[in-house]
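Data block for upload.cif (mmCIF, C-alpha atoms):
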```
data_work
#
loop_
_atom_site.label_atom_id
_atom_site.label_comp_id
_atom_site.auth_asym_id
_atom_site.auth_seq_id
_atom_site.Cartn_x
_atom_site.Cartn_y
_atom_site.Cartn_z
CA MET A 118 7.30 -21.21 17.29
CA ARG A 119 9.54 -18.95 15.22
CA ARG A 120 11.14 -21.90 13.46
CA ILE A 121 7.66 -23.17 12.61
CA LEU A 122 6.77 -19.77 11.17
CA PHE A 123 9.98 -19.78 9.17
CA ILE A 124 9.01 -23.12 7.66
CA LEU A 125 5.53 -21.74 6.99
CA VAL A 126 6.91 -18.79 5.06
CA THR A 127 9.59 -20.64 3.11
CA SER A 128 7.28 -23.51 2.20
CA PHE A 129 5.63 -21.24 -0.37
CA TRP A 130 8.91 -20.81 -2.28
CA THR A 131 9.00 -23.30 -5.12
CA ILE A 132 10.56 -21.84 -8.25
CA ASN A 133 9.79 -18.14 -7.92
CA VAL A 134 7.98 -16.63 -4.93
CA LEU A 135 7.13 -13.01 -4.24
CA ALA A 136 8.67 -11.23 -1.31
CA GLN A 137 6.37 -10.97 1.70
CA LEU A 138 6.56 -7.24 2.48
CA GLU A 139 3.39 -5.48 1.29
CA VAL A 140 3.14 -1.86 2.41
CA GLN A 141 -0.43 -0.65 2.71
CA THR A 142 -2.72 1.24 5.06
CA SER A 143 -5.88 0.08 6.79
CA ARG A 144 -7.93 1.84 4.14
CA SER A 145 -6.21 -0.11 1.39
CA ALA A 146 -6.77 -3.43 3.16
CA ALA A 147 -10.46 -2.64 3.70
CA LEU A 148 -10.92 -1.71 0.02
CA GLY A 149 -9.69 -5.06 -1.27
CA GLU A 150 -6.02 -3.98 -1.24
CA ASN A 151 -6.65 -1.10 -3.65
CA LEU A 152 -3.52 1.07 -3.87
CA SER A 153 -3.59 3.28 -6.96
CA MET A 154 -6.56 5.50 -6.06
CA LEU A 155 -5.96 6.24 -2.37
CA SER A 156 -5.58 9.96 -1.70
CA GLN A 157 -4.11 12.42 0.80
CA GLU A 158 -2.02 10.83 3.61
CA ASP A 159 -2.90 7.29 2.47
CA ALA A 160 -1.25 8.06 -0.87
CA ILE A 161 2.17 8.39 0.82
CA LEU A 162 2.39 4.61 1.07
CA ALA A 163 0.25 3.80 -1.98
CA ASN A 164 0.37 6.16 -5.00
CA PHE A 165 2.52 9.20 -4.23
CA ALA A 166 1.18 11.04 -7.28
CA ASN A 167 -2.08 11.50 -5.38
CA THR A 168 -0.36 13.52 -2.63
CA LEU A 169 -0.79 16.59 -4.85
CA ASP A 170 -4.26 16.80 -3.27
CA LEU A 171 -2.56 17.84 -0.01
CA ASN A 172 -1.53 21.46 0.52
CA SER A 173 0.21 20.84 3.85
CA ALA A 174 2.68 18.41 5.34
CA GLY A 175 1.19 15.04 6.21
CA PHE A 176 2.26 11.90 8.05
CA VAL A 177 1.02 8.31 8.19
CA LEU A 178 1.78 5.45 10.59
CA SER A 179 0.37 2.02 9.81
CA THR A 180 0.70 -1.51 11.15
CA ASP A 181 -0.87 -4.89 10.50
CA ARG A 182 -0.60 -8.37 11.98
CA ARG A 183 -0.77 -10.81 9.12
CA TYR A 184 -3.02 -13.79 9.84
CA SER A 185 -3.11 -12.58 13.48
CA LEU A 186 0.50 -13.74 14.09
CA GLN A 187 2.69 -11.28 15.97
CA GLU A 188 5.80 -12.56 14.16
CA LEU A 189 4.24 -11.61 10.81
CA SER A 190 3.67 -7.93 11.62
CA THR A 191 4.41 -5.00 9.31
CA TYR A 192 5.23 -1.48 10.51
CA SER A 193 5.22 1.45 8.09
CA ILE A 194 5.76 5.19 8.41
CA GLY A 195 5.73 7.89 5.75
CA ALA A 196 5.64 11.64 5.28
CA VAL A 197 4.96 14.19 2.53
CA PHE A 198 6.09 17.84 2.38
CA PRO A 199 5.05 20.53 -0.12
CA LEU A 200 7.88 22.07 -2.14
CA THR A 201 5.70 24.30 -4.32
CA THR A 202 2.02 24.32 -5.23
CA LYS A 203 2.83 21.74 -7.93
CA ALA A 204 5.52 19.59 -6.27
CA ARG A 205 5.76 17.25 -3.26
CA ILE A 206 8.62 15.34 -1.67
CA GLY A 207 8.45 12.56 0.88
CA PHE A 208 9.70 9.25 2.19
CA SER A 209 8.50 5.91 3.54
CA ILE A 210 10.07 3.24 5.78
CA ALA A 211 8.69 -0.26 6.33
CA GLN A 212 9.69 -3.35 8.33
CA TYR A 213 8.25 -6.88 8.21
CA GLY A 214 9.03 -10.27 9.68
CA PHE A 215 10.86 -11.95 12.54
CA ASP A 216 14.38 -13.20 13.37
CA GLU A 217 14.46 -16.05 10.85
CA TYR A 218 12.98 -14.02 7.99
CA SER A 219 12.65 -10.26 7.68
CA GLU A 220 12.34 -7.54 5.07
CA SER A 221 12.82 -3.79 5.30
CA GLU A 222 12.68 -0.98 2.78
CA PHE A 223 13.31 2.74 2.51
CA LYS A 224 12.08 5.02 -0.28
CA LEU A 225 12.53 8.67 -1.24
CA LYS A 226 9.60 10.03 -3.25
CA TYR A 227 8.90 13.02 -5.50
CA ALA A 228 5.63 14.05 -7.18
CA ARG A 229 4.79 16.85 -9.59
CA LYS A 230 1.62 18.07 -11.25
CA LEU A 231 2.37 18.25 -14.97
CA TYR A 232 -1.06 19.26 -16.22
CA LYS A 233 -4.32 20.34 -14.65
CA ASN A 234 -5.61 16.78 -14.40
CA PHE A 235 -2.40 14.73 -14.50
CA SER A 236 0.35 14.15 -11.91
CA LEU A 237 3.48 11.99 -12.03
CA ALA A 238 5.62 10.62 -9.19
CA ALA A 239 8.84 8.65 -8.85
CA ASP A 240 10.41 6.80 -5.92
CA LEU A 241 13.88 5.37 -5.41
CA GLY A 242 15.08 3.26 -2.50
CA TYR A 243 16.30 -0.13 -1.43
CA ARG A 244 14.90 -3.34 0.04
CA ARG A 245 16.81 -5.64 2.36
CA ILE A 246 15.86 -9.29 2.82
CA SER A 247 17.37 -11.49 5.56
CA VAL A 248 16.93 -15.26 5.64
CA PHE A 249 18.06 -17.41 8.56
CA GLU A 250 21.24 -19.37 7.75
CA HIS A 251 21.31 -17.84 4.25
CA GLY A 252 22.43 -14.29 5.06
CA SER A 253 20.94 -11.08 3.73
CA VAL A 254 20.95 -9.00 0.57
CA ALA A 255 19.94 -5.41 -0.25
CA LYS A 256 18.73 -4.41 -3.69
CA PRO A 257 17.72 -1.03 -5.16
CA ILE A 258 14.05 -0.61 -6.01
CA LEU A 259 12.33 2.05 -8.05
CA GLY A 260 8.86 2.94 -9.18
CA LEU A 261 6.78 5.36 -11.23
CA SER A 262 3.20 6.29 -10.45
CA PHE A 263 0.61 8.58 -11.99
CA SER A 264 -2.88 9.91 -11.36
CA GLY A 265 -5.44 12.09 -13.09
CA ALA A 266 -9.12 12.79 -13.63
CA LEU A 267 -11.30 12.10 -16.64
CA SER A 268 -14.25 13.97 -15.15
CA GLU A 269 -15.50 15.27 -11.81
CA THR A 270 -16.68 11.78 -10.88
CA LEU A 271 -14.10 9.49 -12.58
CA SER A 272 -10.40 9.41 -11.64
CA TYR A 273 -7.59 7.08 -12.67
CA GLY A 274 -4.16 6.12 -11.40
CA GLY A 275 -1.46 3.53 -11.73
CA ARG A 276 1.98 2.34 -10.75
CA LEU A 277 4.92 0.55 -12.34
CA SER A 278 7.50 -0.89 -9.94
CA ASN A 279 10.12 -3.60 -9.48
CA PRO A 280 9.76 -5.38 -6.12
CA ILE A 281 12.23 -8.14 -5.22
CA ILE A 282 11.54 -11.89 -5.28
CA LEU A 283 13.43 -14.88 -3.92
CA GLU A 284 14.28 -17.73 -6.28
CA SER A 285 14.61 -21.40 -5.35
CA ASP A 286 18.43 -21.17 -5.38
CA ASN A 287 18.32 -18.35 -2.79
CA ARG A 288 19.13 -15.62 -5.29
CA PHE A 289 17.20 -12.35 -5.44
CA ARG A 290 16.10 -10.39 -8.48
CA PRO A 291 13.64 -7.61 -9.37
CA LEU A 292 10.21 -8.41 -10.78
CA THR A 293 8.04 -5.95 -12.68
CA ARG A 294 4.65 -5.10 -11.18
CA ILE A 295 1.94 -3.10 -12.97
CA ILE A 296 -1.10 -1.60 -11.22
CA VAL A 297 -3.90 0.37 -12.91
CA GLY A 298 -7.02 1.61 -11.11
CA LEU A 299 -10.19 3.70 -11.32
CA ARG A 300 -12.26 5.53 -8.71
CA TYR A 301 -15.86 6.47 -9.49
CA LEU A 302 -17.99 8.75 -7.30
CA ILE A 303 -21.58 7.54 -7.40
CA SER A 304 -22.57 10.38 -5.06
CA SER A 305 -20.99 12.65 -2.47
CA LYS A 306 -21.24 9.76 0.03
CA VAL A 307 -20.43 6.71 -2.13
CA LYS A 308 -17.09 5.89 -3.82
CA THR A 309 -16.31 2.78 -5.83
CA TYR A 310 -12.87 1.39 -6.71
CA LEU A 311 -11.59 -0.99 -9.37
CA GLU A 312 -7.96 -2.04 -9.71
CA LEU A 313 -5.97 -4.48 -11.86
CA ASP A 314 -2.73 -5.68 -10.26
CA LYS A 315 -0.28 -7.83 -12.24
CA TYR A 316 3.11 -9.27 -11.39
CA ILE A 317 4.65 -10.31 -14.71
CA THR A 318 4.95 -13.99 -13.72
CA GLU A 319 1.77 -14.20 -11.63
CA ALA A 320 -1.98 -14.31 -12.25
CA LEU A 321 -3.93 -11.06 -12.61
CA ASN A 322 -5.38 -9.79 -9.32
CA ILE A 323 -8.71 -7.94 -9.66
CA LYS A 324 -9.62 -5.70 -6.71
CA LEU A 325 -13.01 -4.16 -5.94
CA GLY A 326 -13.73 -1.58 -3.24
CA LEU A 327 -16.62 0.47 -1.87
CA GLY A 328 -16.58 3.43 0.51
CA TYR A 329 -19.78 4.77 2.09
CA GLN A 330 -19.87 7.80 4.39
CA ILE A 331 -22.38 6.73 7.00
CA HIS A 332 -21.76 9.80 9.21
CA PRO A 333 -19.97 13.14 8.69
CA LYS A 334 -17.08 11.74 10.78
CA MET A 335 -17.24 8.07 9.83
CA GLU A 336 -16.83 6.12 6.59
CA LEU A 337 -17.56 2.42 6.07
CA LEU A 338 -15.13 0.57 3.77
CA MET A 339 -15.36 -2.85 2.17
CA GLY A 340 -13.65 -4.72 -0.65
CA TYR A 341 -12.60 -7.95 -2.32
CA SER A 342 -9.52 -9.17 -4.22
CA THR A 343 -9.42 -12.28 -6.39
CA GLU A 344 -5.86 -13.57 -5.78
CA PRO A 345 -5.90 -15.76 -3.79
CA GLY A 346 -9.25 -14.47 -2.55
CA SER A 347 -9.68 -12.06 0.37
CA PHE A 348 -12.38 -9.83 1.83
CA GLY A 349 -11.85 -6.48 3.56
CA LEU A 350 -13.95 -4.46 6.00
CA GLY A 351 -13.05 -1.29 7.88
CA LEU A 352 -14.00 2.04 9.40
CA SER A 353 -12.40 5.43 8.83
CA LEU A 354 -12.89 8.08 11.54
CA LEU A 355 -12.71 11.45 9.82
CA HIS A 356 -11.95 15.01 10.89
CA LEU A 357 -10.78 14.38 14.46
CA ASP A 358 -8.87 17.66 14.61
CA LYS A 359 -5.56 17.00 12.79
CA PHE A 360 -5.74 13.21 13.35
CA LYS A 361 -7.60 10.53 11.44
CA PHE A 362 -7.78 6.87 12.45
CA ASP A 363 -8.60 3.83 10.33
CA VAL A 364 -9.19 0.27 11.51
CA SER A 365 -9.86 -2.70 9.27
CA ALA A 366 -9.65 -6.46 8.97
CA GLU A 367 -8.77 -8.50 5.90
CA TYR A 368 -9.89 -12.13 5.69
CA ASN A 369 -7.86 -14.42 3.43
CA ILE A 370 -9.83 -17.53 2.49
CA ILE A 371 -6.70 -19.69 2.92
CA PHE A 372 -4.78 -18.19 5.87
CA GLY A 373 -7.37 -16.29 7.92
CA LEU A 374 -7.75 -12.85 9.47
CA SER A 375 -5.30 -9.90 9.36
CA PRO A 376 -6.11 -6.79 11.46
CA HIS A 377 -4.84 -3.35 10.39
CA LEU A 378 -4.52 0.00 12.19
CA THR A 379 -3.52 3.36 10.67
CA CYS A 380 -3.05 6.84 12.13
CA ARG A 381 -2.87 9.87 9.83
CA TYR A 382 -1.77 13.36 10.85
CA ARG A 383 -1.85 16.62 8.92
CA LEU A 384 -0.29 19.97 9.79
CA HIS A 385 -2.20 23.18 9.22
CA ASN A 386 -2.37 24.28 5.62
CA LEU A 387 0.79 26.08 4.50
#
```
Render the structure in this file as structure tokens.
Amino acid sequence: MRRILFILVTSFWTINVLAQLEVQTSRSAALGENLSMLSQEDAILANFANTLDLNSAGFVLSTDRRYSLQELSTYSIGAVFPLTTKARIGFSIAQYGFDEYSESEFKLKYARKLYKNFSLAADLGYRRISVFEHGSVAKPILGLSFSGALSETLSYGGRLSNPIILESDNRFRPLTRIIVGLRYLISSKVKTYLELDKYITEALNIKLGLGYQIHPKMELLMGYSTEPGSFGLGLSLLHLDKFKFDVSAEYNIIFGLSPHLTCRYRLHNL
């Protein structure tokens, strides 16, 4: 079974193929894989500049089972800690794959509010990729992210990063990725998301998301992304003491269903 999965993964590698590790929370998956405009604990794994909304330490633990295959599971953990009222520091760790193919990464993150409506964050870390019978390699990765508000109802954010790809001759190199997004509040209960995601050598991915608070402690999430085409649906259970839980499912029109589960935890305000 594992050898079959290995063939499944490597069969996508023609000339240049993106690495498989994609760190996201259940909320992101439900919102069409939107990353740039997630806030609070979700922002630890998505856009660290948005963690300035938190005034206490926060933690996130997330997992998904890609296409419902246990061997293609991702496990992620992250944390954020306030340094001052205008600065945050944190980290994230992620693991994906199985014996024949696996990826792992570690990042240190720092965010600072530069202006009233603008924050900037940077992360530095490494990613390790192991391929059966081809060995492993570790490469440094870095990224810059930002967020701000144009009005009380319209916010923006983005990220520039260099994930690692595998070439056909089994070499690894960085590849630039640019993400830009908007979040618009239609009302106190309805949020809409739009994001443009572009790997330099790949087609533009357009992501749409909608969040609707159907109950004071429950939010319905849904979304769609164009590349290669996937739908997301999820529920967020809010304000359960210090814990919050999100569950979602993402349906890829080619490969099928991927369930996601995320737990968020926040200490008392400092």
For this file, the PyMOL selection byres ((chain A and resi 322) around 8) selects which residues, as a ChimeraX atom specification?
/A:313-315,320-321,323-324,342-344
Option closest in space to Asp358 (chain A), from A:Leu384, A:Leu138, A:Ala204, A:Leu325 [counting all atoms listed in the file]
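Checking each candidate against Asp358 (chain A), we get A:Leu384 as the closest.
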Using the chain letters and numbers from this file, what does the PyMOL selection byres ((chain A and resi 194) around 12) select? Give the answer as a VMD selection string.
chain A and resid 140 to 142 158 to 163 175 to 180 191 to 193 195 to 197 207 to 212 221 to 224 379 to 382
How far is it from CA of Lys203 (chain A) to CA of Glu269 (chain A), in Å with one decimal?
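Atom-to-atom, CA of Lys203 (chain A) and CA of Glu269 (chain A) are spaced 19.8 Å apart.
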Centre, edges in Å (one decimal): axis-aligned box, region 224-228 of chain A, 3 Å padding on all six sides, as AutoDock Vina command-line options:
```
--center_x 9.1 --center_y 9.5 --center_z -3.7 --size_x 12.9 --size_y 15.0 --size_z 12.9
```
Mind telling me what the PyMOL selection byres ((chain A and resi 256) around 8) catches here, as a list in words?
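When the PyMOL selection byres ((chain A and resi 256) around 8) is applied to the shown file, the picked residues are Tyr243, Arg244, Arg245, Val254, Ala255, Pro257, Ile258 and Ile281 of chain A.
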Which of these residues is nearest to Gly149 (chain A), using only C-alpha atoms: A:Ala166, A:Val364, A:Met339, A:Leu352?
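Under the stated criterion, the closest residue is A:Met339.
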Residues within 10 Å of (-11.4, 2.9, -9.7), counting only C-alpha atoms, listed as a ChimeraX atom specification:
/A:151-155,271-274,297-302,308-313,324-327
As a list in words, please: the residues near Ala239 (chain A) (cut-off 6 Å, all atoms listed in the file, same-chain neighbours under 2 positions excluded).
Lys226, Tyr227, Gly260 and Leu261 of chain A
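Residue nearest Ser347 (chain A), chosen from A:Ile331, A:Leu267, A:Leu237, A:Leu374 and counting all atoms listed in the file: A:Leu374.
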Could you work out how far CA of Pro376 (chain A) lies from CA of Arg294 (chain A), giving the answer in Å with one decimal?
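A separation of 25.1 Å between them.
Note that the spacing between CA of Glu188 (chain A) and CA of Ser375 (chain A) amounts to 12.4 Å.
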In terms of all atoms listed in the file, the residue from A:Asn167, A:His377, A:Ser304, A:Gly346 at minimal distance from Phe362 (chain A) is A:His377
Around (-4.1, -15.9, 9.3) in the file's frame, which residues reach within 9 Å when counting only C-alpha atoms? Return as number ranges by chain?
A: 182-186, 368-369, 371-375
Using all atoms listed in the file, which residues sit within 12 Å of Leu200 (chain A) once same-chain residues fewer than 2 positions away are excluded, as a ChimeraX atom specification?
/A:168-169,171-174,197-198,202-207,227-230,387
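Proximity to Leu337 (chain A) was assessed for A:Thr201, A:Ser190, A:Thr270, A:Ser143 counting all atoms listed in the file; the smallest distance is recorded for A:Ser143.
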Give me the residues within 10 Å of Gln187 (chain A) as an MDAnalysis selection string, counting all atoms listed in the file and dropping any in the same chain fewer than 5 places off.
chainID A and resid 181:182 214:215
